[in-house]
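S.K.: This one is data_7.txt, compact mmCIF, C-alpha atoms.
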```txt
# COMPACT_ATOMS: atom_id res chain seq x y z
CA MET A 1 6.93 -37.42 -1.73
CA LYS A 2 8.77 -35.47 0.91
CA LYS A 3 7.12 -32.44 2.51
CA ILE A 4 9.22 -29.65 3.89
CA GLU A 5 7.78 -26.86 6.00
CA ILE A 6 9.08 -23.47 4.95
CA ASN A 7 6.78 -20.84 6.53
CA LYS A 8 8.65 -17.98 4.96
CA LYS A 9 7.23 -14.61 3.96
CA ILE A 10 7.27 -14.48 0.17
CA LEU A 11 7.85 -10.73 0.09
CA GLY A 12 10.38 -10.98 2.93
CA GLU A 13 13.10 -9.31 0.86
CA ASN A 14 10.92 -6.21 0.44
CA GLU A 15 10.12 -6.21 4.16
CA LYS A 16 13.82 -6.29 5.02
CA PHE A 17 14.32 -3.00 3.16
CA ALA A 18 11.07 -1.62 4.59
CA MET A 19 12.33 -2.27 8.13
CA GLU A 20 15.61 -0.55 7.27
CA ASN A 21 13.73 2.51 5.97
CA LEU A 22 11.42 2.59 8.98
CA PHE A 23 14.43 2.42 11.31
CA PHE A 24 16.04 5.28 9.39
CA PHE A 25 12.95 7.51 9.69
CA THR A 26 12.53 6.72 13.39
CA LYS A 27 16.18 7.42 14.15
CA GLN A 28 16.12 10.68 12.19
CA LYS A 29 12.75 11.63 13.75
CA LYS A 30 11.31 12.26 10.28
CA ASN A 31 7.83 11.58 9.08
CA CYS A 32 7.36 9.78 5.80
CA LEU A 33 3.92 9.59 4.21
CA ASN A 34 3.15 7.17 1.38
CA ILE A 35 0.44 8.67 -0.86
CA ILE A 36 -1.67 6.09 -2.70
CA SER A 37 -4.54 6.61 -5.15
CA SER A 38 -5.84 5.88 -8.63
CA PRO A 39 -4.10 7.68 -11.52
CA GLY A 40 -5.42 11.19 -12.00
CA SER A 41 -6.84 11.72 -8.51
CA GLY A 42 -4.65 14.80 -8.07
CA LYS A 43 -1.76 13.50 -5.92
CA THR A 44 0.87 15.78 -7.49
CA THR A 45 -1.36 18.85 -7.35
CA ILE A 46 -2.11 18.12 -3.69
CA LEU A 47 1.64 17.91 -3.05
CA THR A 48 2.57 21.12 -4.90
CA LYS A 49 -0.24 23.05 -3.13
CA THR A 50 0.71 21.54 0.25
CA ILE A 51 4.37 22.50 -0.23
CA SER A 52 3.40 26.09 -1.15
CA GLU A 53 0.97 26.36 1.76
CA LEU A 54 3.58 25.10 4.25
CA LYS A 55 6.51 27.12 2.89
CA GLY A 56 8.46 28.58 5.82
CA LYS A 57 6.75 26.21 8.26
CA ILE A 58 7.73 22.69 7.20
CA LYS A 59 10.53 21.60 4.88
CA ILE A 60 9.19 18.95 2.53
CA GLY A 61 10.95 16.54 0.16
CA VAL A 62 9.27 14.19 -2.31
CA ILE A 63 10.01 10.78 -3.79
CA GLU A 64 8.01 10.45 -7.00
CA GLY A 65 7.04 7.05 -8.40
CA ASP A 66 5.82 6.66 -11.97
CA ILE A 67 6.04 4.02 -14.63
CA GLN A 68 7.92 6.47 -16.81
CA THR A 69 8.86 10.18 -17.23
CA ASP A 70 9.98 12.71 -14.64
CA ILE A 71 7.07 15.07 -15.25
CA ASP A 72 5.91 14.84 -11.63
CA ALA A 73 9.36 15.42 -10.10
CA GLU A 74 9.70 18.50 -12.32
CA ARG A 75 6.35 19.81 -11.05
CA ILE A 76 7.58 19.36 -7.47
CA ARG A 77 10.96 21.01 -8.19
CA ALA A 78 9.11 24.03 -9.60
CA THR A 79 7.98 24.69 -6.00
CA GLU A 80 11.69 24.65 -4.99
CA ALA A 81 11.22 21.47 -2.92
CA PRO A 82 13.73 18.67 -3.56
CA ALA A 83 12.34 15.69 -5.49
CA VAL A 84 13.72 12.34 -6.63
CA GLN A 85 12.00 10.52 -9.47
CA ILE A 86 11.80 6.74 -9.56
CA ASN A 87 10.70 5.12 -12.82
CA THR A 88 9.35 1.65 -12.22
CA GLU A 89 9.46 0.79 -15.97
CA GLY A 90 6.23 -1.13 -15.97
CA ALA A 91 5.88 -2.16 -12.32
CA CYS A 92 2.59 -1.04 -10.80
CA HIS A 93 3.98 -0.11 -7.37
CA LEU A 94 7.11 1.15 -5.61
CA SER A 95 9.25 -1.24 -3.59
CA ALA A 96 11.12 -0.63 -0.34
CA ALA A 97 14.54 -1.11 -2.02
CA GLN A 98 13.74 1.73 -4.45
CA ILE A 99 12.89 4.02 -1.52
CA ASN A 100 16.12 2.99 0.19
CA ASP A 101 18.06 4.15 -2.90
CA ALA A 102 16.04 7.34 -3.37
CA LEU A 103 16.62 8.41 0.25
CA LYS A 104 20.35 8.63 -0.49
CA LYS A 105 19.59 11.26 -3.13
CA LEU A 106 17.38 13.45 -0.92
CA PRO A 107 18.82 16.03 1.52
CA VAL A 108 16.99 14.29 4.38
CA ASP A 109 18.88 16.15 7.13
CA ASN A 110 17.31 19.42 5.98
CA LEU A 111 13.78 18.05 5.73
CA ASP A 112 10.92 17.73 8.21
CA LEU A 113 8.60 15.62 6.11
CA ILE A 114 9.06 13.23 3.20
CA PHE A 115 6.23 12.37 0.87
CA ILE A 116 6.32 9.29 -1.32
CA GLU A 117 3.98 9.61 -4.27
CA ASN A 118 3.31 6.00 -5.23
CA VAL A 119 2.42 4.80 -8.74
CA GLY A 120 -1.25 5.56 -9.47
CA ASN A 121 -3.02 2.33 -8.54
CA LEU A 122 -5.45 1.54 -5.72
CA VAL A 123 -4.52 -2.13 -5.46
CA CYS A 124 -0.85 -3.20 -5.68
CA PRO A 125 0.88 -0.37 -3.75
CA SER A 126 -1.09 -1.31 -0.65
CA ALA A 127 0.60 -4.74 -0.62
CA PHE A 128 4.16 -3.37 -0.46
CA GLU A 129 5.34 -1.83 2.78
CA LEU A 130 7.93 0.86 2.13
CA GLY A 131 8.86 1.58 5.74
CA GLU A 132 6.71 4.71 5.72
CA SER A 133 5.34 6.29 8.92
CA ALA A 134 1.82 6.12 7.47
CA LYS A 135 -0.18 5.63 4.29
CA ILE A 136 -2.48 8.36 2.99
CA VAL A 137 -5.18 7.46 0.46
CA VAL A 138 -6.59 9.98 -2.00
CA LEU A 139 -10.00 9.52 -3.59
CA SER A 140 -11.22 12.13 -6.07
CA VAL A 141 -14.94 12.62 -6.48
CA PRO A 142 -15.16 11.73 -10.21
CA GLU A 143 -14.00 8.21 -9.29
CA GLY A 144 -17.23 7.56 -7.38
CA ASP A 145 -18.21 7.13 -3.73
CA ASP A 146 -18.15 3.32 -3.97
CA LYS A 147 -14.32 3.06 -3.94
CA PRO A 148 -13.92 2.36 -0.18
CA ALA A 149 -16.32 -0.58 -0.56
CA LYS A 150 -14.68 -1.83 -3.78
CA TYR A 151 -11.02 -1.42 -2.76
CA PRO A 152 -11.16 -1.98 1.02
CA ALA A 153 -7.49 -2.80 1.65
CA ILE A 154 -6.02 0.64 1.15
CA PHE A 155 -8.82 2.36 3.12
CA ALA A 156 -8.36 -0.11 5.99
CA LYS A 157 -4.61 0.59 6.13
CA SER A 158 -4.46 4.37 5.74
CA LYS A 159 -4.06 6.95 8.48
CA ALA A 160 -5.88 9.62 6.48
CA LEU A 161 -8.23 9.90 3.51
CA LEU A 162 -8.20 12.95 1.28
CA ILE A 163 -11.40 13.34 -0.72
CA ASN A 164 -10.16 15.59 -3.53
CA LYS A 165 -11.79 17.71 -6.25
CA ILE A 166 -14.79 18.62 -4.07
CA ASP A 167 -15.14 21.79 -6.17
CA LEU A 168 -16.75 19.51 -8.78
CA LEU A 169 -19.63 18.84 -6.37
CA ASP A 170 -20.82 22.43 -6.83
CA GLY A 171 -23.81 22.57 -9.14
CA GLY A 172 -24.07 18.78 -9.12
CA GLN A 173 -21.49 18.24 -11.85
CA VAL A 174 -20.57 14.90 -10.30
CA ASP A 175 -22.71 12.42 -8.37
CA PHE A 176 -20.73 11.66 -5.27
CA ASP A 177 -22.24 11.09 -1.83
CA ILE A 178 -19.51 12.36 0.47
CA GLU A 179 -21.25 10.98 3.59
CA LYS A 180 -21.45 7.51 2.04
CA ALA A 181 -17.74 7.54 1.20
CA LYS A 182 -16.92 8.66 4.76
CA THR A 183 -19.20 6.05 6.38
CA ASP A 184 -17.82 3.23 4.21
CA ALA A 185 -14.21 4.25 4.92
CA ARG A 186 -14.89 4.48 8.69
CA LYS A 187 -16.51 1.03 8.70
CA LEU A 188 -13.14 -0.34 7.55
CA ASN A 189 -11.03 1.99 9.67
CA LYS A 190 -12.71 3.80 12.55
CA ASP A 191 -9.65 5.99 13.27
CA ILE A 192 -9.13 7.27 9.72
CA GLU A 193 -8.84 11.07 9.47
CA ILE A 194 -10.91 12.39 6.58
CA PHE A 195 -10.20 15.68 4.79
CA PRO A 196 -12.55 16.78 1.99
CA ILE A 197 -10.41 19.12 -0.14
CA SER A 198 -10.03 20.81 -3.46
CA ALA A 199 -6.31 21.16 -4.06
CA ARG A 200 -7.05 23.22 -7.17
CA ARG A 201 -9.36 25.75 -5.49
CA GLY A 202 -7.92 25.52 -1.99
CA ASP A 203 -10.93 24.21 -0.02
CA GLY A 204 -9.99 22.26 3.09
CA MET A 205 -6.24 22.63 2.55
CA ASP A 206 -5.87 24.51 5.86
CA CYS A 207 -7.22 21.55 7.92
CA TRP A 208 -4.98 19.09 6.06
CA CYS A 209 -1.90 21.31 6.49
CA ASP A 210 -2.63 21.88 10.21
CA TRP A 211 -2.80 18.12 10.64
CA LEU A 212 0.59 17.75 8.90
CA ILE A 213 2.15 20.41 11.15
CA LYS A 214 0.92 18.55 14.25
CA LEU A 215 2.23 15.25 12.85
CA VAL A 216 5.69 16.74 12.25
CA GLU A 217 5.76 18.41 15.70
CA LYS A 218 4.87 15.10 17.33
CA SER A 219 7.59 13.08 15.64
CA ALA A 220 10.24 15.76 16.26
CA GLN A 221 9.75 15.42 20.03
CA MET B 4 0.35 -6.92 -11.52
CA HIS B 5 2.17 -7.42 -8.27
CA GLU B 6 1.75 -11.18 -8.84
CA THR B 7 4.84 -11.05 -11.08
CA MET B 8 6.99 -9.90 -8.18
CA VAL B 9 5.36 -12.53 -5.93
CA ALA B 10 6.11 -15.21 -8.55
CA GLU B 11 9.76 -14.11 -8.79
CA SER B 12 10.29 -14.20 -5.00
CA LEU B 13 8.51 -17.54 -4.82
CA MET B 14 10.72 -19.01 -7.53
CA GLU B 15 13.87 -17.83 -5.72
CA ILE B 16 12.83 -19.47 -2.44
CA ILE B 17 11.75 -22.75 -4.08
CA ALA B 18 14.93 -22.97 -6.20
CA GLU B 19 17.07 -22.37 -3.12
CA GLN B 20 15.24 -25.11 -1.21
CA ALA B 21 15.45 -27.51 -4.18
CA GLU B 22 19.22 -27.05 -4.25
CA MET B 23 19.56 -27.45 -0.48
CA ASN B 24 17.49 -30.63 -0.50
CA ASN B 25 18.85 -31.85 -3.80
CA ALA B 26 15.34 -32.86 -4.87
CA LYS B 27 12.80 -31.93 -7.51
CA PRO B 28 9.98 -29.69 -6.20
CA ILE B 29 6.48 -30.85 -7.20
CA THR B 30 4.03 -28.62 -5.35
CA ALA B 31 4.27 -25.45 -3.29
CA LYS B 32 1.58 -24.43 -0.83
CA ILE B 33 1.16 -20.74 -0.22
CA SER B 34 -1.37 -18.77 1.81
CA CYS B 35 -2.44 -15.16 1.79
CA GLY B 36 -4.77 -12.82 3.67
CA THR B 37 -7.80 -10.85 2.58
CA LEU B 38 -6.48 -7.30 2.31
CA ASN B 39 -3.65 -8.23 -0.02
CA PRO B 40 -4.81 -11.33 -1.81
CA VAL B 41 -3.05 -12.74 -4.83
CA ASN B 42 -5.02 -13.61 -7.91
CA ASP B 43 -4.42 -17.35 -8.30
CA GLN B 44 -4.78 -17.42 -12.05
CA VAL B 45 -2.44 -14.48 -12.64
CA LEU B 46 0.11 -15.86 -10.17
CA ARG B 47 0.11 -19.29 -11.86
CA PHE B 48 0.47 -17.72 -15.29
CA ALA B 49 3.40 -15.55 -14.14
CA PHE B 50 5.04 -18.44 -12.30
CA GLU B 51 4.73 -20.75 -15.29
CA ALA B 52 6.20 -18.13 -17.60
CA ILE B 53 9.26 -17.29 -15.50
CA THR B 54 10.11 -20.84 -14.40
CA LYS B 55 10.47 -22.31 -17.91
CA GLY B 56 13.78 -24.13 -18.09
CA THR B 57 14.50 -23.73 -14.35
CA SER B 58 14.41 -26.20 -11.45
CA CYS B 59 10.95 -24.83 -10.62
CA GLU B 60 9.40 -25.68 -13.99
CA GLY B 61 6.20 -27.70 -13.56
CA VAL B 62 5.74 -26.94 -9.86
CA THR B 63 2.01 -26.82 -8.98
CA LEU B 64 0.97 -23.88 -6.81
CA LYS B 65 -1.71 -24.43 -4.17
CA VAL B 66 -3.09 -21.15 -2.85
CA GLU B 67 -5.09 -20.85 0.35
CA HIS B 68 -6.99 -17.63 0.99
CA LYS B 69 -7.41 -16.91 4.69
CA PRO B 70 -10.35 -14.76 5.79
CA ILE B 71 -9.68 -11.64 7.82
CA LYS B 72 -11.23 -11.63 11.28
CA ALA B 73 -12.80 -8.86 13.30
CA GLN B 74 -13.89 -8.57 16.91
CA CYS B 75 -17.32 -7.09 17.54
CA LYS B 76 -17.37 -4.19 20.03
CA ASN B 77 -20.99 -4.95 20.87
CA CYS B 78 -21.01 -8.71 21.53
CA ASP B 79 -17.24 -9.40 21.67
CA LYS B 80 -17.50 -12.24 19.12
CA ILE B 81 -14.56 -12.79 16.80
CA PHE B 82 -15.84 -13.51 13.31
CA ASP B 83 -14.73 -13.81 9.66
CA ILE B 84 -15.62 -10.45 8.21
CA ASP B 85 -17.06 -9.90 4.75
CA LEU B 86 -15.54 -6.59 3.68
CA SER B 87 -18.26 -5.97 1.11
CA SER B 88 -20.82 -5.72 3.96
CA PRO B 89 -18.77 -5.12 7.07
CA GLN B 90 -20.89 -6.00 10.08
CA CYS B 91 -20.90 -8.52 12.93
CA PHE B 92 -22.01 -11.96 11.83
CA GLU B 93 -23.70 -12.58 15.19
CA CYS B 94 -25.43 -9.37 16.23
CA GLY B 95 -25.26 -7.21 13.09
CA ALA B 96 -23.42 -4.33 14.81
CA ASP B 97 -21.03 -2.35 12.63
CA ASP B 98 -18.65 -1.35 15.41
CA PHE B 99 -15.72 -3.73 15.32
CA GLU B 100 -11.95 -3.96 15.36
CA LEU B 101 -10.19 -5.61 12.41
CA GLN B 102 -7.64 -8.25 13.45
CA PRO B 103 -4.25 -8.44 11.71
CA ASP B 104 -4.51 -9.86 8.21
CA ALA B 105 -2.69 -13.10 7.35
CA PRO B 106 0.65 -12.44 5.61
CA LEU B 107 1.64 -13.85 2.25
CA ILE B 108 3.56 -17.00 3.15
CA LEU B 109 5.15 -19.99 1.46
CA GLU B 110 4.02 -22.70 3.85
CA GLU B 111 5.52 -25.90 2.46
CA ILE B 112 7.07 -27.55 -0.55
CA GLU B 113 6.60 -31.15 -1.61
CA PHE B 114 9.59 -32.80 -3.26
CA GLN B 115 9.78 -35.89 -5.38
CA THR B 116 11.55 -38.79 -3.66
CA GLU B 117 13.49 -41.42 -5.57
```
The structure given in the file should be rewritten as structure tokens.

M.R.:
Amino acid sequence: MKKIEINKKILGENEKFAMENLFFFTKQKKNCLNIISSPGSGKTTILTKTISELKGKIKIGVIEGDIQTDIDAERIRATEAPAVQINTEGACHLSAAQINDALKKLPVDNLDLIFIENVGNLVCPSAFELGESAKIVVLSVPEGDDKPAKYPAIFAKSKALLINKIDLLDGGQVDFDIEKAKTDARKLNKDIEIFPISARRGDGMDCWCDWLIKLVEKSAQ
Amino acid sequence: MHETMVAESLMEIIAEQAEMNNAKPITAKISCGTLNPVNDQVLRFAFEAITKGTSCEGVTLKVEHKPIKAQCKNCDKIFDIDLSSPQCFECGADDFELQPDAPLILEEIEFQTE
């Protein structure tokens, strides 16, 4: 038997594209946020409401990732924001090469902020760097307050946590201890920004949008 | 199932090394961190399926899972952290800094020698 040391990153090819994307965003002074959550947590609704709220203040473009269909990109385009749909055809996450391609189809020069809506999945997308400026995790209250404890990776890696659908907490329709979710997320990531919101009803959207404005101002400097 | 993509990349690297060394690969040792672990069983299944009929067919995968470490802000100890109950192993404090997680790496390949 002959042993050969390799010590090579297995996902090195993805990281090469991720570095290229990161370099692109840094050079262009653009922010790119990679939104990760379970399916059905409200990512697209958050994006459409955020785009409407920030109209005239920040120019937003979106890269949509789904296994199939361009339903989400159509929902974004209805707000008049540019959107590129990526269909992963079975893959449970987006890869950096796909983002590299999609960026060529977005009018990046005219944008201040690019959102990537990853495939709905709390596990795999967190393993693939896309070259984004930061990851944002969305947790909706019907999913349960135990998600930070059960899926620690994405909460440990995200810059912000959006706790969505808080309108369902009214009248005790859903058992969700918001303080427990916050405490568990902060145990894994003491600097994580937490925004309890209801994208549907509008609660908390002002704080989230103010934070985005500051983020864009900072990277434009 | 990101293990499929991991298996594909792994196969490419091993096949390339097999050709360079002109030898038959027998085992491959890989290691991964805690935040992005691979599921050994799923990875082996995917690897076995895609390597049929290739130079990588029959290669045994050895997977080492490396714990993630944290440094306690109270007692300064660096310890292996259990993410299901994140607190300092020594003093029980829950104020700590996570250290960088181990990347997913192909460490070494063993080849058959004539």

S.K.: Which is closer to Pro103 in chain B than all the others in B:His5, B:Lys27, B:Arg47, B:Lys69, using all atoms listed in the file?

M.R.: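 Result for the nearest residue to Pro103 in chain B: B:Lys69.
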
S.K.: List the neighbours of Ile84 in chain B out to 8 Å using all atoms listed in the file; skip same-chain residues closer than 5 positions along the sequence, and give me the result as a ChimeraX atom specification.

M.R.: /B:70-73,89-92

S.K.: List the spatial neighbours of range 48-63 of chain A as an MDAnalysis selection string - criterion: any atom at most 10 Å away, all atoms listed in the file, same-chain residues fewer than 6 positions off excluded.

M.R.: chainID A and resid 31:34 72:73 75:86 98:99 102:103 105:108 110:118 199:202 205:206 208:210 212:213 216:217

S.K.: Within 8 Å of chain A, which residues of chain B are there when counting all atoms listed in the file? Please give them as a list in words.

M.R.: Met4, His5, Val9, Ser12, Leu13, Ile16, Leu38, Asn39, Leu86, Ser87, Pro89, Asp97, Asp98, Leu101, Pro106, Leu107, Ile108, Leu109, Glu110, Glu111, Ile112, Glu113, Phe114, Gln115 and Thr116 of chain B

S.K.: Could you tell me how far CA of Ala97 in chain A sits from CA of Leu64 in chain B, in Å to one decimal place?

M.R.: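 Taking CA of Leu64 in chain B as the start and CA of Ala97 in chain A as the end point, the length is 26.9 Å.
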
S.K.: Separation of CA of Gln68 in chain A and CA of Ser38 in chain A, in Å?

M.R.: 16.0 Å

S.K.: May I ask for the distance between CA of Ala181 in chain A and CA of Cys94 in chain B, given in Å to one decimal place?

M.R.: 23.9 Å

S.K.: Excluding same-chain residues fewer than 6 positions from Glu67 in chain B, what lies within 8 Å of it counting only C-alpha atoms, as a PyMOL selection string?

M.R.: chain B and resi 32-35

S.K.: Let me make sure I understand: among B:Glu11, B:Gln74, B:Phe82, B:Thr37, which one has the smallest atom-to-atom distance to Cys59 in chain B if we use all atoms listed in the file?

M.R.: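 Among B:Glu11, B:Gln74, B:Phe82, B:Thr37, it is B:Glu11 that comes nearest to Cys59 in chain B.
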
S.K.: Looking at all atoms listed in the file, which of A:Lys29, A:Asn164, A:Thr88, A:Glu129 is the one that sits closest to Gln221 in chain A?

M.R.: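 Of A:Lys29, A:Asn164, A:Thr88, A:Glu129, the one nearest Gln221 in chain A, counting all atoms listed in the file, is A:Lys29.
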
S.K.: Please check which residues have atoms at most 12 Å from (8.8, -14.7, -17.5) in the file's coordinates, counting only C-alpha atoms, and write them as a ChimeraX atom specification.

M.R.: /B:6-8,10-11,14,46-57,60
